[in-house]
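Below is one structure; the comments refer to it alone.
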Amino acid sequence: MSVLRPLDKLPRLNTATILLVGTEDALLQQLADSMLKEDCASELKVHLAKSLPLPSSVNRPRIDLIVFVVNLHSKYSLQNTEESLHHVDASFFLGKVCFLATGAGRESHCSIHRHTMVKLAHTYQSPLLYCDLEVEGFRATMAQRLVRMLQMCAGHVPGVSALNLLSLLRSSEGPSLEDM
Amino acid sequence: MDETVAEFIKRTILKIRMNELLTILKAWDFLPENQLQTINFRQRKESLVQHLVRLCEEKHASLNDAALLDIIYTQFHQHQKIWDVFQMSKEPGEDVDLFDMKQFKNSFKKILQRALKNALTVASKHHQIVKMDLRSRYLESLKAIVFKQYNQTFETHNSTTPLQERNLGLDINMDSRIIHENIAEKERVQQITQKTFGDYPQPQLEFAQYKLETKFKSDLNGSILAEREEPLRCLIKFSSPHLLEALKSLAPAGIADAPLSPLLTCIPNKRMNYFKIRDK
């Protein structure tokens with residue numbers, strides 16, 4: 001079973017690579033475009049995948065951040081994410097993974113309960129972000145946020161590491177799972 | 001002219017929109033062309049309708065004429081009705097004789113008092129008539145499905161983009177900083193979709209209905225529902241402005257796995273969109 005590991009390759013100079021994993025290619029493509037529009041001192045690379053494991057390829061750069069995009073309207077999307085998570089090494093979950101849930105705005109179309117996503121993110125000790133990727137304004141804002149996160153995870157922001165970021169995000173979270 | 005006929009004509013004309021009224025009246029061919037030209041189609045609809053009904057009275061319009069107008073209106077507005085499909089077939093062992101349209105019409109008129117199904121059977125010399133499990137508003141699509149005429153490949157206008165890229169929906173000027181990891185998977189999905197649905201536009205249907213009468217199947221042991229002896233009854237209906245195109249785009253959009261269930265993809269081939277599923 002091939003597994004993604006965070007430190008199995010050397011970093012490339014000034015390059016930060018993000019991997020977006022999700023079933024709906026159109027959404028991933030739009031998010032990628034929005035991210036690349038951002039002004040960024042680092043060279044960005046965006047990899048799009050439907051699921052893990054990735055096809056074997058020697059030429060892939062080190063991945064600094066994995067974002068699992070789950071469409072709340074589609075149980076298939078969640079199932080795909082859950083299966084893909086098995087192909088990620090545990091050490092990735094020290095701040096280099098996050099979950100992005102889209103579609104919360106149209107609640108009548110949601111077939112995945114918010115609680116399910118919260119529980120998933122909690123299980124994997126990773127942040128959960130919400131964004132309706134179909135709305136351009138929200139998508140642009142999320143793209144900005146992801147670019148900043150990516151830079152930190154790639155070590156391009158002096159004094160801040162992925163693990164720092166994780167603890168920061170954790171402490172600003174809402175009520176704990178037990179309180180729900 | 002009978003009062004009923006006058007009322008029938010009046011109501012039919014009232015249904016017709018102003019911008020298609022002249023076309024329909026010409027198609028009806030009851031009021032002569034030169035008379036139609038003298039009518040002021042810009043007046044208020046109520047007075048126009050009264051004028052037309054009067055003209056029909058002068059020409060002694062019959063119930064047949066009124067019915068013909070109604071049929072022509074329905075032809076123009078096919079989409080307002082949901083059409084059923086009946087299949088006629090000869091009894092096995094009988095000769096295939098040429099279908100006599102004139103005799104068919106005569107027989108059909110004579111026995112219109114009986115139920116439509118019986119009338120058709122008798123009129124067409126005791127052929128078997130079966131109602132097909134196929135219904136839709138779109139008469140053209142029903143015809144295309146029934147006579148298997150939907151699989152014409154049309155030449156697309158823009159052939160400058162290489163077929164591969166066009167099918168994968170990739171932009172030629174795509175940013176090289178974006179890397180698609182699952183190109184092979186995308187190609188596979190594209191190929192399967194093309195094999196299943198073809199390159200041509202799909203006939204238009206608005207729904208597919210599945211009536212299930214099957215025993216409950218469960219992975220969990222000791223589930224209460226699994227112990228039921230009687231089959232569960234369940235109705236599933238898929239609705240869409242264009243169902244087959246929607247199904248075709250499910251896998252490429254990443255909403256479903258390819259290949260799709262044959263229950264969905266068999267619709268045009270089996271000429272059905274109403275299914276009953278029972279345990280074998």
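How things are named: the first chain in the structure tokens is A, the next is B, and so on; residues count from 1 in each chain; ligands count from 1 in the order shown.
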
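The residues of chain B lying at most 8 Å from chain A, with only C-alpha atoms taken into account, are B:Arg177, B:Ile178, B:Ile179, B:His180, B:Glu181, B:Asn182, B:Ala253, B:Gly254, B:Ile255, B:Ala256.
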
Open item on the list: Residues within 12 Å of Leu10 of chain A, please, as a list of chain:residue names. Count only C-alpha atoms; anything in the same chain fewer than 5 positions from it doesn't count.
Closed with: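 The residues that qualify are A:Arg5, A:Thr15, A:Ala16, A:Asn59, A:Arg60, A:Pro61, A:Arg62, A:Ile63, A:Asp64, A:Ala154.
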
- [ ] For atom CA of His60 of chain B and atom CA of Phe76 of chain B, quote the distance in Å rounded to one decimal.
- [x] 24.9 Å

TODO: Write out as a PyMOL selection string each polymer residue whose atoms come within 12 Å of Leu63 of chain B, counting only C-alpha atoms; drop sequence neighbours fewer than 4 positions from it.
DONE: chain B and resi 1-9+56-57+67-70
